[in-house]
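Colleague: Below is the file run.txt, which contains compact mmCIF, N, CA and C atoms.
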```
# COMPACT_ATOMS: atom_id res chain seq x y z
N ASP A 1 94.91 158.83 61.50
CA ASP A 1 95.47 160.16 61.46
C ASP A 1 95.72 160.54 60.01
N ALA A 2 95.65 161.79 59.70
CA ALA A 2 95.96 162.28 58.37
C ALA A 2 96.82 163.53 58.49
N GLU A 3 97.73 163.69 57.56
CA GLU A 3 98.59 164.87 57.52
C GLU A 3 98.63 165.39 56.09
N ILE A 4 98.53 166.71 55.93
CA ILE A 4 98.56 167.34 54.62
C ILE A 4 99.91 168.00 54.43
N SER A 5 100.53 167.75 53.27
CA SER A 5 101.77 168.44 52.91
C SER A 5 101.41 169.71 52.15
N LEU A 6 102.18 170.76 52.38
CA LEU A 6 101.97 172.02 51.66
C LEU A 6 102.59 171.94 50.27
N TYR A 7 101.92 172.47 49.27
CA TYR A 7 102.54 172.67 47.95
C TYR A 7 103.48 173.86 48.06
N SER A 8 104.38 173.99 47.11
CA SER A 8 105.37 175.07 47.18
C SER A 8 104.72 176.46 47.17
N HIS A 9 103.57 176.62 46.54
CA HIS A 9 102.91 177.92 46.47
C HIS A 9 101.93 178.16 47.62
N GLU A 10 101.78 177.21 48.54
CA GLU A 10 100.81 177.34 49.62
C GLU A 10 101.46 177.82 50.92
N THR A 11 100.62 178.41 51.76
CA THR A 11 101.05 178.83 53.08
C THR A 11 100.11 178.18 54.11
N GLU A 12 100.54 178.20 55.36
CA GLU A 12 99.69 177.70 56.44
C GLU A 12 98.36 178.46 56.45
N GLU A 13 98.42 179.75 56.20
CA GLU A 13 97.21 180.57 56.20
C GLU A 13 96.22 180.12 55.13
N MET A 14 96.71 179.76 53.95
CA MET A 14 95.84 179.28 52.88
C MET A 14 95.11 178.01 53.30
N LEU A 15 95.83 177.07 53.91
CA LEU A 15 95.20 175.83 54.33
C LEU A 15 94.25 176.04 55.51
N SER A 16 94.49 177.09 56.30
CA SER A 16 93.62 177.35 57.45
C SER A 16 92.23 177.80 57.01
N GLN A 17 92.06 178.13 55.73
CA GLN A 17 90.79 178.61 55.23
C GLN A 17 89.93 177.52 54.58
N VAL A 18 90.39 176.27 54.63
CA VAL A 18 89.60 175.18 54.05
C VAL A 18 89.36 174.09 55.09
N ASP A 19 88.33 173.30 54.86
CA ASP A 19 88.04 172.15 55.70
C ASP A 19 88.70 170.92 55.10
N ALA A 20 89.14 170.01 55.93
CA ALA A 20 89.77 168.77 55.46
C ALA A 20 89.03 167.58 56.06
N PHE A 21 88.87 166.52 55.27
CA PHE A 21 88.26 165.30 55.76
C PHE A 21 88.72 164.15 54.88
N VAL A 22 88.47 162.93 55.33
CA VAL A 22 88.85 161.73 54.59
C VAL A 22 87.59 160.97 54.23
N ARG A 23 87.53 160.53 52.98
CA ARG A 23 86.44 159.68 52.49
C ARG A 23 86.93 158.25 52.35
N LEU A 24 86.05 157.31 52.61
CA LEU A 24 86.34 155.90 52.40
C LEU A 24 85.41 155.35 51.33
N TRP A 25 86.00 154.81 50.27
CA TRP A 25 85.27 154.13 49.21
C TRP A 25 85.60 152.64 49.32
N VAL A 26 84.61 151.79 49.23
CA VAL A 26 84.84 150.34 49.23
C VAL A 26 84.23 149.78 47.94
N ASP A 27 85.08 149.18 47.13
CA ASP A 27 84.66 148.62 45.84
C ASP A 27 83.88 149.63 45.02
N GLY A 28 84.36 150.88 44.98
CA GLY A 28 83.76 151.91 44.16
C GLY A 28 82.54 152.58 44.74
N GLU A 29 82.17 152.25 45.96
CA GLU A 29 80.99 152.84 46.61
C GLU A 29 81.43 153.67 47.81
N LEU A 30 80.97 154.93 47.87
CA LEU A 30 81.28 155.79 49.01
C LEU A 30 80.54 155.25 50.23
N VAL A 31 81.30 154.90 51.29
CA VAL A 31 80.67 154.32 52.47
C VAL A 31 80.77 155.21 53.71
N ALA A 32 81.76 156.10 53.78
CA ALA A 32 81.89 156.93 54.99
C ALA A 32 82.81 158.12 54.75
N GLU A 33 82.64 159.13 55.60
CA GLU A 33 83.53 160.29 55.64
C GLU A 33 83.81 160.63 57.10
N THR A 34 85.01 161.13 57.37
CA THR A 34 85.26 161.67 58.71
C THR A 34 84.57 163.03 58.80
N GLU A 35 84.49 163.53 60.00
CA GLU A 35 84.00 164.89 60.20
C GLU A 35 84.98 165.84 59.51
N ALA A 36 84.50 166.98 59.03
CA ALA A 36 85.38 168.00 58.45
C ALA A 36 86.12 168.71 59.58
N PHE A 37 87.41 168.91 59.37
CA PHE A 37 88.26 169.59 60.35
C PHE A 37 88.71 170.91 59.76
N PRO A 38 88.11 172.04 60.20
CA PRO A 38 88.44 173.34 59.63
C PRO A 38 89.89 173.75 59.90
N GLY A 39 90.60 174.07 58.85
CA GLY A 39 91.95 174.61 58.97
C GLY A 39 92.99 173.68 59.53
N ALA A 40 92.73 172.41 59.62
CA ALA A 40 93.69 171.48 60.23
C ALA A 40 94.62 170.89 59.18
N ARG A 41 95.90 170.76 59.51
CA ARG A 41 96.84 170.04 58.65
C ARG A 41 97.07 168.63 59.16
N SER A 42 96.54 168.33 60.35
CA SER A 42 96.70 167.01 60.95
C SER A 42 95.50 166.77 61.87
N TRP A 43 94.94 165.56 61.84
CA TRP A 43 93.79 165.25 62.68
C TRP A 43 93.58 163.75 62.76
N LYS A 44 92.63 163.35 63.58
CA LYS A 44 92.26 161.93 63.73
C LYS A 44 90.82 161.74 63.28
N GLY A 45 90.54 160.59 62.74
CA GLY A 45 89.18 160.23 62.33
C GLY A 45 89.08 158.71 62.35
N ARG A 46 87.88 158.17 62.16
CA ARG A 46 87.76 156.71 62.17
C ARG A 46 86.68 156.26 61.19
N PHE A 47 86.79 155.01 60.79
CA PHE A 47 85.79 154.36 59.95
C PHE A 47 85.50 153.00 60.58
N LEU A 48 84.27 152.60 60.49
CA LEU A 48 83.87 151.27 60.94
C LEU A 48 83.13 150.64 59.77
N PHE A 49 83.69 149.55 59.21
CA PHE A 49 82.99 148.87 58.13
C PHE A 49 83.26 147.39 58.19
N ARG A 50 82.35 146.62 57.61
CA ARG A 50 82.47 145.17 57.57
C ARG A 50 83.19 144.79 56.28
N PRO A 51 84.30 144.10 56.37
CA PRO A 51 85.09 143.82 55.17
C PRO A 51 84.64 142.60 54.37
N GLU A 52 83.62 141.87 54.82
CA GLU A 52 83.23 140.64 54.14
C GLU A 52 82.95 140.88 52.66
N GLY A 53 83.69 140.19 51.82
CA GLY A 53 83.49 140.26 50.38
C GLY A 53 84.09 141.49 49.70
N ALA A 54 84.58 142.47 50.47
CA ALA A 54 85.15 143.68 49.87
C ALA A 54 86.49 143.37 49.23
N ARG A 55 86.78 144.02 48.12
CA ARG A 55 88.03 143.80 47.41
C ARG A 55 89.00 144.97 47.55
N CYS A 56 88.50 146.21 47.47
CA CYS A 56 89.38 147.38 47.44
C CYS A 56 88.85 148.48 48.36
N ALA A 57 89.73 149.03 49.18
CA ALA A 57 89.40 150.19 50.02
C ALA A 57 90.23 151.36 49.52
N ARG A 58 89.56 152.45 49.20
CA ARG A 58 90.23 153.65 48.69
C ARG A 58 89.96 154.79 49.67
N PHE A 59 91.02 155.43 50.12
CA PHE A 59 90.93 156.56 51.03
C PHE A 59 91.27 157.83 50.26
N GLU A 60 90.44 158.86 50.40
CA GLU A 60 90.68 160.14 49.73
C GLU A 60 90.79 161.25 50.77
N LEU A 61 91.83 162.05 50.66
CA LEU A 61 91.98 163.25 51.47
C LEU A 61 91.32 164.38 50.70
N CYS A 62 90.28 164.97 51.27
CA CYS A 62 89.50 166.01 50.60
C CYS A 62 89.68 167.34 51.29
N LEU A 63 89.73 168.41 50.49
CA LEU A 63 89.80 169.78 50.99
C LEU A 63 88.67 170.57 50.37
N GLY A 64 88.13 171.50 51.11
CA GLY A 64 87.09 172.34 50.53
C GLY A 64 86.44 173.23 51.55
N ARG A 65 85.52 174.01 51.06
CA ARG A 65 84.72 174.90 51.89
C ARG A 65 83.43 175.15 51.14
N ASP A 66 82.34 175.19 51.85
CA ASP A 66 81.01 175.40 51.27
C ASP A 66 80.70 174.32 50.23
N CYS A 67 80.43 174.69 49.00
CA CYS A 67 80.01 173.72 47.98
C CYS A 67 81.17 173.14 47.18
N PHE A 68 82.36 173.67 47.31
CA PHE A 68 83.48 173.20 46.50
C PHE A 68 84.38 172.28 47.31
N THR A 69 84.54 171.06 46.84
CA THR A 69 85.44 170.10 47.49
C THR A 69 86.29 169.45 46.40
N HIS A 70 87.57 169.27 46.67
CA HIS A 70 88.40 168.54 45.72
C HIS A 70 89.24 167.49 46.45
N VAL A 71 89.63 166.46 45.73
CA VAL A 71 90.46 165.39 46.28
C VAL A 71 91.91 165.83 46.18
N ARG A 72 92.55 165.97 47.33
CA ARG A 72 93.95 166.39 47.37
C ARG A 72 94.88 165.21 47.08
N GLY A 73 94.52 164.04 47.60
CA GLY A 73 95.33 162.85 47.38
C GLY A 73 94.55 161.61 47.77
N HIS A 74 95.08 160.44 47.39
CA HIS A 74 94.38 159.20 47.68
C HIS A 74 95.36 158.04 47.81
N CYS A 75 94.87 156.95 48.39
CA CYS A 75 95.61 155.69 48.42
C CYS A 75 94.58 154.57 48.41
N ALA A 76 94.97 153.41 47.93
CA ALA A 76 94.04 152.28 47.86
C ALA A 76 94.77 151.00 48.23
N TYR A 77 94.04 150.08 48.85
CA TYR A 77 94.61 148.81 49.29
C TYR A 77 93.63 147.69 49.03
N GLY A 78 94.16 146.50 48.86
CA GLY A 78 93.33 145.31 48.77
C GLY A 78 92.82 144.93 50.14
N VAL A 79 91.52 144.85 50.31
CA VAL A 79 90.92 144.57 51.61
C VAL A 79 91.28 143.18 52.14
N PRO A 80 91.25 142.12 51.31
CA PRO A 80 91.55 140.79 51.88
C PRO A 80 92.93 140.71 52.56
N GLY A 81 93.95 141.29 51.95
CA GLY A 81 95.28 141.27 52.54
C GLY A 81 95.38 142.10 53.80
N LEU A 82 94.80 143.30 53.76
CA LEU A 82 94.81 144.16 54.95
C LEU A 82 94.10 143.48 56.11
N TRP A 83 92.92 142.93 55.82
CA TRP A 83 92.13 142.35 56.89
C TRP A 83 92.77 141.09 57.45
N ALA A 84 93.36 140.27 56.60
CA ALA A 84 94.03 139.05 57.08
C ALA A 84 95.18 139.43 58.02
N SER A 85 95.94 140.47 57.66
CA SER A 85 97.04 140.92 58.52
C SER A 85 96.53 141.47 59.84
N ALA A 86 95.47 142.26 59.80
CA ALA A 86 94.91 142.83 61.03
C ALA A 86 94.36 141.74 61.94
N GLU A 87 93.68 140.75 61.37
CA GLU A 87 93.13 139.67 62.19
C GLU A 87 94.21 138.79 62.79
N SER A 88 95.26 138.48 62.03
CA SER A 88 96.29 137.58 62.55
C SER A 88 97.15 138.23 63.63
N SER A 89 97.35 139.55 63.55
CA SER A 89 98.18 140.22 64.55
C SER A 89 97.37 140.96 65.60
N GLY A 90 96.06 141.10 65.39
CA GLY A 90 95.22 141.84 66.32
C GLY A 90 95.12 143.31 65.98
N ARG A 91 96.10 143.83 65.24
CA ARG A 91 96.12 145.23 64.83
C ARG A 91 97.19 145.41 63.76
N LEU A 92 96.87 146.22 62.77
CA LEU A 92 97.82 146.54 61.71
C LEU A 92 97.96 148.04 61.61
N ASP A 93 99.17 148.56 61.83
CA ASP A 93 99.45 149.99 61.68
C ASP A 93 100.21 150.18 60.38
N LEU A 94 99.75 151.15 59.58
CA LEU A 94 100.28 151.33 58.25
C LEU A 94 100.38 152.82 57.94
N ALA A 95 101.54 153.27 57.49
CA ALA A 95 101.70 154.65 57.03
C ALA A 95 101.50 154.64 55.52
N ALA A 96 100.43 155.27 55.06
CA ALA A 96 100.04 155.22 53.66
C ALA A 96 100.28 156.57 53.00
N PRO A 97 101.23 156.66 52.06
CA PRO A 97 101.41 157.92 51.36
C PRO A 97 100.19 158.24 50.50
N LEU A 98 99.75 159.49 50.54
CA LEU A 98 98.64 159.95 49.72
C LEU A 98 99.20 160.54 48.44
N MET A 99 98.77 160.00 47.33
CA MET A 99 99.30 160.43 46.04
C MET A 99 98.34 161.40 45.37
N HIS A 100 98.90 162.36 44.63
CA HIS A 100 98.12 163.32 43.87
C HIS A 100 97.26 162.56 42.86
N PRO A 101 96.01 162.99 42.64
CA PRO A 101 95.13 162.24 41.73
C PRO A 101 95.61 162.15 40.29
N SER A 102 96.39 163.13 39.80
CA SER A 102 96.78 163.09 38.40
C SER A 102 98.29 163.18 38.16
N GLU A 103 99.08 163.32 39.21
CA GLU A 103 100.53 163.41 39.06
C GLU A 103 101.19 162.41 40.02
N PRO A 104 102.33 161.86 39.65
CA PRO A 104 103.00 160.90 40.54
C PRO A 104 103.80 161.60 41.64
N ARG A 105 103.10 162.24 42.60
CA ARG A 105 103.79 162.87 43.72
C ARG A 105 102.97 162.73 44.99
N GLU A 106 103.68 162.67 46.11
CA GLU A 106 103.06 162.52 47.41
C GLU A 106 102.56 163.87 47.91
N VAL A 107 101.33 163.90 48.43
CA VAL A 107 100.74 165.15 48.91
C VAL A 107 100.32 165.10 50.37
N GLY A 108 100.63 163.99 51.03
CA GLY A 108 100.28 163.85 52.43
C GLY A 108 100.48 162.42 52.89
N MET A 109 100.06 162.15 54.12
CA MET A 109 100.25 160.83 54.70
C MET A 109 98.98 160.46 55.47
N LEU A 110 98.56 159.21 55.32
CA LEU A 110 97.44 158.69 56.07
C LEU A 110 97.97 157.57 56.93
N LYS A 111 97.79 157.68 58.24
CA LYS A 111 98.25 156.64 59.16
C LYS A 111 97.06 155.79 59.53
N LEU A 112 97.04 154.57 59.01
CA LEU A 112 95.93 153.66 59.24
C LEU A 112 96.24 152.72 60.39
N SER A 113 95.29 152.51 61.24
CA SER A 113 95.35 151.49 62.30
C SER A 113 94.13 150.62 62.12
N LEU A 114 94.35 149.39 61.67
CA LEU A 114 93.25 148.48 61.38
C LEU A 114 93.19 147.40 62.44
N ALA A 115 92.00 147.13 62.94
CA ALA A 115 91.82 146.10 63.97
C ALA A 115 90.39 145.61 63.94
N PRO A 116 90.17 144.37 64.34
CA PRO A 116 88.79 143.91 64.50
C PRO A 116 88.10 144.77 65.55
N TRP A 117 86.83 145.07 65.33
CA TRP A 117 86.07 145.92 66.24
C TRP A 117 85.86 145.20 67.55
N ASP A 118 86.07 145.92 68.65
CA ASP A 118 85.91 145.33 69.98
C ASP A 118 84.49 145.47 70.52
N GLY A 119 83.59 146.05 69.74
CA GLY A 119 82.20 146.18 70.15
C GLY A 119 81.90 147.43 70.95
N ARG A 120 82.92 148.20 71.30
CA ARG A 120 82.72 149.42 72.08
C ARG A 120 82.54 150.61 71.15
N ALA A 121 81.69 151.53 71.56
CA ALA A 121 81.50 152.77 70.81
C ALA A 121 82.65 153.71 71.10
N ASN A 122 83.04 154.48 70.11
CA ASN A 122 84.08 155.49 70.30
C ASN A 122 83.48 156.84 69.94
N GLN A 123 83.03 157.58 70.93
CA GLN A 123 82.37 158.85 70.71
C GLN A 123 83.35 159.98 70.40
N GLU A 124 84.64 159.77 70.65
CA GLU A 124 85.62 160.84 70.43
C GLU A 124 85.84 161.14 68.96
N LEU A 125 85.65 160.17 68.09
CA LEU A 125 85.98 160.33 66.68
C LEU A 125 84.72 160.24 65.83
N PRO A 126 84.11 161.38 65.47
CA PRO A 126 82.85 161.37 64.74
C PRO A 126 83.01 160.77 63.35
N LEU A 127 81.93 160.24 62.84
CA LEU A 127 81.93 159.55 61.55
C LEU A 127 80.59 159.78 60.87
N ARG A 128 80.61 160.12 59.58
CA ARG A 128 79.39 160.20 58.79
C ARG A 128 79.35 158.98 57.90
N VAL A 129 78.30 158.21 57.98
CA VAL A 129 78.17 157.00 57.18
C VAL A 129 77.20 157.25 56.05
N HIS A 130 77.57 156.84 54.83
CA HIS A 130 76.72 156.98 53.65
C HIS A 130 75.97 155.69 53.42
N ASN A 131 74.70 155.77 53.12
CA ASN A 131 73.90 154.57 52.83
C ASN A 131 73.75 154.38 51.33
```
Translate the structure of the given file into structure tokens.
Modeller:
Amino acid sequence: DAEISLYSHETEEMLSQVDAFVRLWVDGELVAETEAFPGARSWKGRFLFRPEGARCARFELCLGRDCFTHVRGHCAYGVPGLWASAESSGRLDLAAPLMHPSEPREVGMLKLSLAPWDGRANQELPLRVHN
């Protein structure tokens, strides 16, 4: 799940005019994006990736429309620690504050649920995978 916080100069109407999505970078390589959600301040998305050998997972909350996209906020975690916790407990739920890219302030929240894949397809949550 992702939630966007409004800046003091923004209105609900302003955010309703942009698309929002989350990107996943693993060790500096873009590996996936959620579907774009037009005008949403809150939504669900998913990523499926193999963590073997990965060191860092970075999540970016992106806003945009047409050709212009900007990163609203981001968070990053060490993959070995996250994955070890998810494997030992079966599932790890984490509320991750999204920080502004250039200022020390929170701009949203990313709710991560990490678990080993059960092998079933989940058609409800679309995913674009980058090669």
Colleague: From the list A:Gly39, A:Pro116, A:Gly78, A:Gly73, which residue is nearest A:Arg91 when using only C-alpha atoms?
Modeller: A:Pro116
Colleague: Using only C-alpha atoms, can you tell me which of A:Leu92, A:Ala86, A:Cys75, A:Val26 comes closest to A:Pro104?
Modeller: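 Smallest separation from A:Pro104 among the options: A:Cys75.
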Colleague: With 4 Å added on each side, what axis-aligned box encloses every listed atom of stretch 79-88 of chain A? Give the centre and edge lengths in Å to one decimal, as JSON.
Modeller:
```
{"center_x": 94.0, "center_y": 141.2, "center_z": 57.0, "size_x": 14.2, "size_y": 15.3, "size_z": 21.3}
```
Colleague: Can you tell me which residues surround A:Glu52 at a distance of at most 12 Å, considering only C-alpha atoms, apart from same-chain residues fewer than 4 positions away, and format the answer as a ChimeraX atom specification?
Modeller: /A:26-27,56,79-80,83-84
Colleague: Select, from A:Asp118, A:Pro38, A:Met99, A:Cys62, the residue with the minimum atom-to-atom distance to A:Ser16, counting only N, CA and C atoms.
Modeller: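 Nearest to A:Ser16: A:Pro38.
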Colleague: Find the distance between atom CA of A:His74 and atom CA of A:Val22 and write it in Å to one decimal.
Modeller: 9.2 Å
Colleague: A:Glu10, A:Glu60, A:Glu87, A:Glu106: which is nearest A:Trp25, counting only C-alpha atoms?
Modeller: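 Checking each candidate against A:Trp25, we get A:Glu60 as the closest.
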Colleague: For A:His70, which residue out of A:Ala36, A:Ala20, A:Leu6, A:Ala96 is the nearest one, using only C-alpha atoms?
Modeller: A:Ala20
Colleague: To one decimal place in Å, what is the distance between atom CA of A:Glu3 and atom N of A:Ala115?
Modeller: 19.7 Å
Colleague: List every residue of chain A that DSSP, applied to the backbone of this structure, places in alpha helix (DSSP H), and write the result as number ranges by chain.
Modeller: A: 12-15, 79-89
Colleague: What separation in Å, quoted to one decimal, exists between atom N of A:Gly45 and atom CA of A:Ala2?
Modeller: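 Atom CA of A:Ala2 lies at a distance of 7.2 Å from atom N of A:Gly45.
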